[in-house]
$ cat data.txt   # compact mmCIF, C-alpha atoms and all ligand atoms
# COMPACT_ATOMS: atom_id res chain seq x y z
CA MET X 21 0.00 0.00 0.00
CA LYS X 22 1.06 3.58 -0.64
CA LYS X 23 -0.40 6.89 0.41
CA CYS X 24 -1.31 9.38 -2.31
CA TYR X 25 0.29 12.77 -1.75
CA LYS X 26 -2.81 14.60 -2.89
CA CYS X 27 -5.95 12.74 -1.87
CA LYS X 28 -4.14 11.16 1.13
CA LYS X 29 -5.88 7.85 0.44
CA HIS X 30 -4.00 4.60 0.81
CA SER X 31 -4.14 2.51 -2.35
CA CYS X 32 -2.39 -0.61 -3.60
CA LEU X 33 0.83 -0.14 -5.62
CA ASN X 34 -0.97 -0.94 -8.87
CA ASP X 35 -2.91 2.29 -8.50
CA PHE X 36 0.28 4.33 -8.95
CA HIS X 37 2.10 5.02 -12.21
CA LYS X 38 5.78 4.19 -12.48
CA ASP X 39 8.24 7.05 -11.96
CA LYS X 40 11.91 6.15 -12.15
CA SER X 41 12.98 9.45 -10.60
CA ARG X 42 11.39 8.47 -7.27
CA LYS X 43 12.98 6.38 -4.57
CA ASP X 44 10.30 3.69 -4.66
CA GLY X 45 9.99 3.94 -8.44
CA LEU X 46 6.39 5.06 -8.21
CA CYS X 47 4.61 8.37 -8.75
CA ASN X 48 3.63 10.18 -5.55
CA LEU X 49 0.10 10.71 -6.85
CA CYS X 50 -2.38 7.94 -7.43
CA LYS X 51 -3.46 7.30 -11.02
CA GLU X 52 -6.75 9.17 -10.52
CA CYS X 53 -5.09 12.28 -9.07
CA LYS X 54 -2.37 12.23 -11.73
CA LYS X 55 -5.05 12.14 -14.43
CA THR X 56 -6.83 15.19 -13.01
CA LYS X 57 -3.54 17.02 -12.60
CA ASP X 58 -2.44 16.31 -16.20
CA LYS X 59 -5.81 17.44 -17.50
CA GLY X 60 -5.40 20.73 -15.67
CA ASN X 61 -1.85 21.08 -16.97
CA ARG X 62 -3.07 20.56 -20.52
CA LYS X 63 -5.64 23.33 -20.12
CA ASN X 64 -3.04 25.65 -18.61
CA ARG X 65 -0.58 24.89 -21.35
CA LYS X 66 -3.19 25.69 -23.99
CA ARG X 67 -3.97 28.99 -22.29
CA TYR X 68 -0.25 29.72 -21.93
CA ASN X 69 0.46 28.92 -25.59
CA LEU X 70 -2.36 31.15 -26.73
CA LYS X 71 -1.09 34.02 -24.61
CA TYR X 72 2.49 33.42 -25.76
CA TYR X 73 1.35 33.44 -29.37
CA SER X 74 -0.55 36.71 -29.06
CA ASN X 75 2.44 38.31 -27.33
CA ASN X 76 4.86 37.11 -30.01
CA ILE X 77 2.85 37.44 -33.21
CA SER X 78 5.67 39.23 -35.02
CA LYS X 79 8.05 36.39 -34.14
CA TYR X 80 5.65 33.82 -35.58
CA LYS X 81 5.04 35.95 -38.66
CA LYS X 82 8.79 36.13 -39.22
CA TYR X 83 9.10 32.36 -38.73
CA ASN X 84 6.27 31.67 -41.19
CA SER X 85 7.63 34.02 -43.82
CA ARG X 86 11.05 32.39 -43.45
CA ARG X 87 9.43 29.00 -43.95
CA ARG X 88 7.63 30.26 -47.03
CA GLU X 89 10.93 31.67 -48.27
CA LEU X 90 12.59 28.28 -47.75
CA HIS X 91 9.81 26.61 -49.71
CA ARG X 92 10.30 29.09 -52.50
CA ILE X 93 14.03 28.43 -52.55
CA ASP X 94 13.67 24.66 -52.36
CA PRO X 95 10.12 23.33 -52.55
CA ARG X 96 11.48 19.84 -51.92
CA ILE X 97 11.36 20.53 -48.18
CA ARG X 98 7.59 20.80 -48.28
CA LEU X 99 7.25 18.11 -50.94
CA ARG X 100 9.14 15.62 -48.78
CA GLY X 101 6.84 16.39 -45.84
CA GLY X 102 3.83 15.67 -48.03
CA CYS X 103 5.37 12.39 -49.21
CA ARG X 104 6.00 11.34 -45.63
CA ALA X 105 2.44 12.12 -44.53
CA ARG X 106 0.93 10.24 -47.48
CA ALA X 107 3.29 7.29 -46.97
CA ILE X 108 2.14 7.00 -43.37
CA GLU X 109 -1.50 7.49 -44.31
CA LYS X 110 -1.41 4.86 -47.06
CA GLY X 111 1.04 2.53 -45.32
CA LEU X 112 3.57 2.82 -48.16
CA ASP X 113 7.36 2.49 -48.06
CA PHE X 114 9.27 5.70 -47.49
CA ASP X 115 13.04 6.16 -47.70
CA LEU X 116 13.52 9.91 -48.18
CA LYS X 117 15.82 10.71 -45.27
CA SER X 118 16.33 14.29 -46.42
CA TYR X 119 14.60 16.57 -48.90
CA LYS X 120 17.77 16.24 -50.96
CA ASP X 121 16.78 12.64 -51.69
CA LEU X 122 14.10 14.03 -53.99
CA PRO X 123 15.09 14.90 -57.56
CA LYS X 124 15.70 18.60 -58.19
CA VAL X 125 12.57 20.51 -59.16
CA PRO X 126 12.78 20.98 -62.93
CA LYS X 127 12.02 24.35 -64.51
CA PHE X 128 9.29 22.78 -66.62
CA CYS X 129 6.79 19.99 -66.07
CA PRO X 130 8.16 16.92 -67.89
CA ILE X 131 4.64 15.91 -68.99
CA LEU X 132 2.97 19.16 -70.00
CA GLY X 133 6.00 21.37 -70.53
CA ILE X 134 4.45 24.19 -68.49
CA PRO X 135 6.74 26.14 -66.13
CA LEU X 136 6.87 24.92 -62.54
CA ILE X 137 6.35 27.84 -60.18
CA CYS X 138 6.48 27.66 -56.43
CA GLY X 139 5.08 30.20 -54.00
CA LYS X 140 3.65 32.69 -56.42
CA GLY X 141 2.44 32.84 -59.95
CA LYS X 142 -0.76 33.01 -61.87
CA ASN X 143 -3.87 32.77 -59.69
CA PHE X 144 -1.77 32.49 -56.56
CA LYS X 145 -4.00 32.70 -53.51
CA GLY X 146 -1.76 31.03 -50.95
CA GLY X 147 -2.56 27.50 -52.04
CA GLY X 148 -1.07 25.67 -54.99
CA THR X 149 -1.76 26.32 -58.63
CA ASP X 150 -1.68 24.23 -61.81
CA ASN X 151 1.98 25.21 -62.05
CA SER X 152 2.94 24.08 -58.54
CA PRO X 153 5.49 21.27 -58.37
CA SER X 154 4.12 18.00 -57.02
CA THR X 155 5.54 14.56 -56.42
CA ASP X 156 4.47 11.61 -58.52
CA ARG X 157 5.25 7.96 -57.88
CA ILE X 158 6.51 6.58 -61.19
CA ASP X 159 5.46 3.03 -60.34
CA ASN X 160 2.13 3.22 -58.56
CA ASP X 161 2.68 -0.13 -56.87
CA ARG X 162 5.79 1.13 -55.10
CA GLY X 163 6.11 3.61 -52.28
CA TYR X 164 7.80 6.97 -51.79
CA LEU X 165 11.29 5.76 -52.65
CA LYS X 166 14.28 7.71 -53.94
CA ASP X 167 14.19 6.04 -57.35
CA ASN X 168 10.41 6.09 -57.70
CA ILE X 169 9.65 9.81 -57.51
CA GLN X 170 9.44 12.37 -60.26
CA ILE X 171 8.41 15.97 -59.90
CA ILE X 172 5.63 17.09 -62.22
CA SER X 173 3.13 19.94 -62.29
CA ARG X 174 0.06 19.68 -60.13
CA LYS X 175 -2.05 19.92 -63.28
CA ALA X 176 -0.37 16.86 -64.80
CA ASN X 177 -0.68 15.03 -61.49
CA GLN X 178 -4.40 15.73 -61.33
CA MET X 179 -4.83 14.70 -64.95
CA LYS X 180 -2.95 11.50 -64.24
CA SER X 181 -5.11 10.63 -61.27
CA ASN X 182 -8.42 11.69 -62.82
CA ALA X 183 -8.11 10.59 -66.44
CA THR X 184 -8.26 7.06 -67.73
CA PHE X 185 -6.57 5.89 -70.93
CA GLU X 186 -9.93 6.23 -72.68
CA ASP X 187 -10.33 9.80 -71.40
CA VAL X 188 -6.97 10.78 -72.84
CA GLU X 189 -7.78 9.04 -76.10
CA MET X 190 -11.13 10.84 -76.40
CA LEU X 191 -9.54 14.16 -75.58
CA TYR X 192 -6.89 13.54 -78.21
CA GLU X 193 -9.49 12.65 -80.84
CA TYR X 194 -11.50 15.74 -79.96
CA MET X 195 -8.48 18.01 -80.08
CA LYS X 196 -7.42 16.45 -83.35
CA LYS X 197 -10.83 17.17 -84.90
CA GLN X 198 -10.81 20.75 -83.65
CA ARG X 199 -7.31 21.19 -84.91
CA ARG X 200 -8.27 19.76 -88.32
CA LYS X 201 -11.04 22.33 -88.63
CA GLN X 202 -8.61 25.09 -87.80
CA CYS X 203 -6.03 23.64 -90.10
CA GLN X 204 -8.27 23.56 -93.17
CA THR X 205 -6.87 26.88 -94.27
CA MET X 206 -3.30 25.92 -93.46
CA THR X 207 -0.92 24.22 -95.80
CA ILE X 208 -0.57 20.45 -95.69
CA ILE X 209 2.92 20.70 -94.24
CA THR X 210 1.95 22.79 -91.22
CA GLN X 211 -1.06 20.51 -90.68
CA VAL X 212 1.19 17.47 -90.46
CA SER X 213 3.69 19.15 -88.16
CA TYR X 214 0.85 20.39 -85.95
CA LEU X 215 -0.68 16.92 -85.65
CA ASP X 216 2.75 15.43 -85.11
CA LYS X 217 3.40 17.79 -82.23
CA LEU X 218 0.01 16.96 -80.73
CA LYS X 219 0.63 13.26 -81.16
CA ASN X 220 4.04 13.53 -79.52
CA LYS X 221 2.48 15.35 -76.60
CA VAL X 222 -0.06 12.56 -76.08
CA ILE X 223 2.58 9.85 -76.47
CA ASN X 224 4.67 11.71 -73.93
CA ILE X 225 1.76 11.71 -71.47
CA LEU X 226 1.02 8.02 -72.07
CA THR X 227 4.68 7.09 -71.64
CA LEU X 228 4.88 8.92 -68.34
CA LEU X 229 1.63 7.33 -67.25
CA GLY X 230 3.27 3.99 -67.92
CA ILE X 231 0.60 3.03 -70.47
CA VAL X 232 2.93 3.09 -73.47
CA LYS X 233 6.41 1.65 -73.00
ZN ZN H 1 -4.83 10.39 -5.04
$ encode --input "data.txt" --output "structure tokens" --more "lines below"
Ligand SMILES: [Zn+2]
Amino acid sequence: MKKCYKCKKHSCLNDFHKDKSRKDGLCNLCKECKKTKDKGNRKNRKRYNLKYYSNNISKYKKYNSRRRELHRIDPRIRLRGGCRARAIEKGLDFDLKSYKDLPKVPKFCPILGIPLICGKGKNFKGGGTDNSPSTDRIDNDRGYLKDNIQIISRKANQMKSNATFEDVEMLYEYMKKQRRKQCQTMTIITQVSYLDKLKNKVINILTLLGIVK
């Protein structure tokens, strides 16, 4: 039996948490009292944090702008964090020890060829845009591994996850038809080169999707 320091009740040793810093290796409060005390501490801490935050807003603002600046300089820091969170969420393998394990963010999206812009750009409202860099697992059956990540635009990533092979094919056929109409006044040579370019673009997408090898 042991006496609780707070409620002064005598309880059996099982009713006390372990505490290696104490002589008898047990907490001086019973489990019930410890629970109430911790609850109170949590509330106090919350209140304290809130007060600390309001007293140090400028410090936090500086910290946040520095973080944003870091992301602008090397978006891989944020990208790695996202990979880690999704790996945990989906139970996938993850071996990116540092953000430097990610490939360098290219200037242009390898699928769509649009510029990759981080932080600001067209339609920037604080969130990402079509031009934001995003990570893509090359082989969907494998996790977030050094050799399985490529950085593509968010637009391409969304297209990849939303569009099926048939969708892409239909879009291509539609675009081809539209283009043909527009091309009627063009010379045969420019028509061919136009269609060729379009075809290459689609093949490029399909290759990166892993549909065409
Ligand atoms: Zn107690």
$ atom_distance --input "data.txt" --atom1 "CA of Asp161 (chain X)" --atom2 "CA of Phe114 (chain X)"
12.9 Å
$ residues_near_ligand --input "data.txt" --ligand "ligand ZN 1 (chain H)" --cutoff "6 Å" --atoms "all atoms listed in the file" --output "PyMOL selection string"
chain X and resi 24+26-27+49-50+52-53
$ closest_residue --input "data.txt" --among "X:Asp35, X:Asp94, X:Asp115, X:Asp150" --to "Asp167 (chain X)" --atoms "all atoms listed in the file"
X:Asp115
$ closest_residue --input "data.txt" --among "X:Asp121, X:Asp44, X:Asp113, X:Asp58" --to "Arg96 (chain X)" --atoms "all atoms listed in the file"
X:Asp121
$ closest_residue --input "data.txt" --among "X:Lys124, X:Phe185, X:Asn34, X:Gly101" --to "Tyr164 (chain X)" --atoms "all atoms listed in the file"
X:Gly101
$ atom_distance --input "data.txt" --atom1 "CA of Lys82 (chain X)" --atom2 "CA of Ile97 (chain X)"
18.2 Å
$ atom_distance --input "data.txt" --atom1 "CA of Glu89 (chain X)" --atom2 "CA of Thr155 (chain X)"
19.7 Å
$ residues_around --input "data.txt" --residues "Cys47 (chain X)" --least-positions-apart "6" --cutoff "12 Å" --atoms "all atoms listed in the file" --output "PDB file with C-alpha atoms, in the frame of the given file"
ATOM      1  CA  LYS X  22       1.060   3.580  -0.640  1.00  0.00           C
ATOM      2  CA  LYS X  23      -0.400   6.890   0.410  1.00  0.00           C
ATOM      3  CA  CYS X  24      -1.310   9.380  -2.310  1.00  0.00           C
ATOM      4  CA  TYR X  25       0.290  12.770  -1.750  1.00  0.00           C
ATOM      5  CA  LYS X  26      -2.810  14.600  -2.890  1.00  0.00           C
ATOM      6  CA  LEU X  33       0.830  -0.140  -5.620  1.00  0.00           C
ATOM      7  CA  ASN X  34      -0.970  -0.940  -8.870  1.00  0.00           C
ATOM      8  CA  ASP X  35      -2.910   2.290  -8.500  1.00  0.00           C
ATOM      9  CA  PHE X  36       0.280   4.330  -8.950  1.00  0.00           C
ATOM     10  CA  HIS X  37       2.100   5.020 -12.210  1.00  0.00           C
ATOM     11  CA  LYS X  38       5.780   4.190 -12.480  1.00  0.00           C
ATOM     12  CA  ASP X  39       8.240   7.050 -11.960  1.00  0.00           C
ATOM     13  CA  LYS X  40      11.910   6.150 -12.150  1.00  0.00           C
ATOM     14  CA  SER X  41      12.980   9.450 -10.600  1.00  0.00           C
ATOM     15  CA  CYS X  53      -5.090  12.280  -9.070  1.00  0.00           C
ATOM     16  CA  LYS X  54      -2.370  12.230 -11.730  1.00  0.00           C
ATOM     17  CA  LYS X  55      -5.050  12.140 -14.430  1.00  0.00           C
TER      18      LYS X  55
END
$ closest_residue --input "data.txt" --among "X:Arg174, X:Lys81, X:Lys217, X:Arg87" --to "Arg199 (chain X)" --atoms "only C-alpha atoms"
X:Lys217
$ closest_residue --input "data.txt" --among "X:Lys43, X:Glu189, X:Ile158, X:Leu136" --to "Lys175 (chain X)" --atoms "all atoms listed in the file"
X:Leu136
$ closest_residue --input "data.txt" --among "X:Asn151, X:Asn177, X:Ile77, X:Gly230" --to "Lys127 (chain X)" --atoms "all atoms listed in the file"
X:Asn151
$ residues_around --input "data.txt" --residues "Leu218 (chain X)" --least-positions-apart "5" --cutoff "10 Å" --atoms "all atoms listed in the file" --output "JSON, numbers by chain"
{"X": [192, 195, 196, 199, 212, 213, 223, 224]}
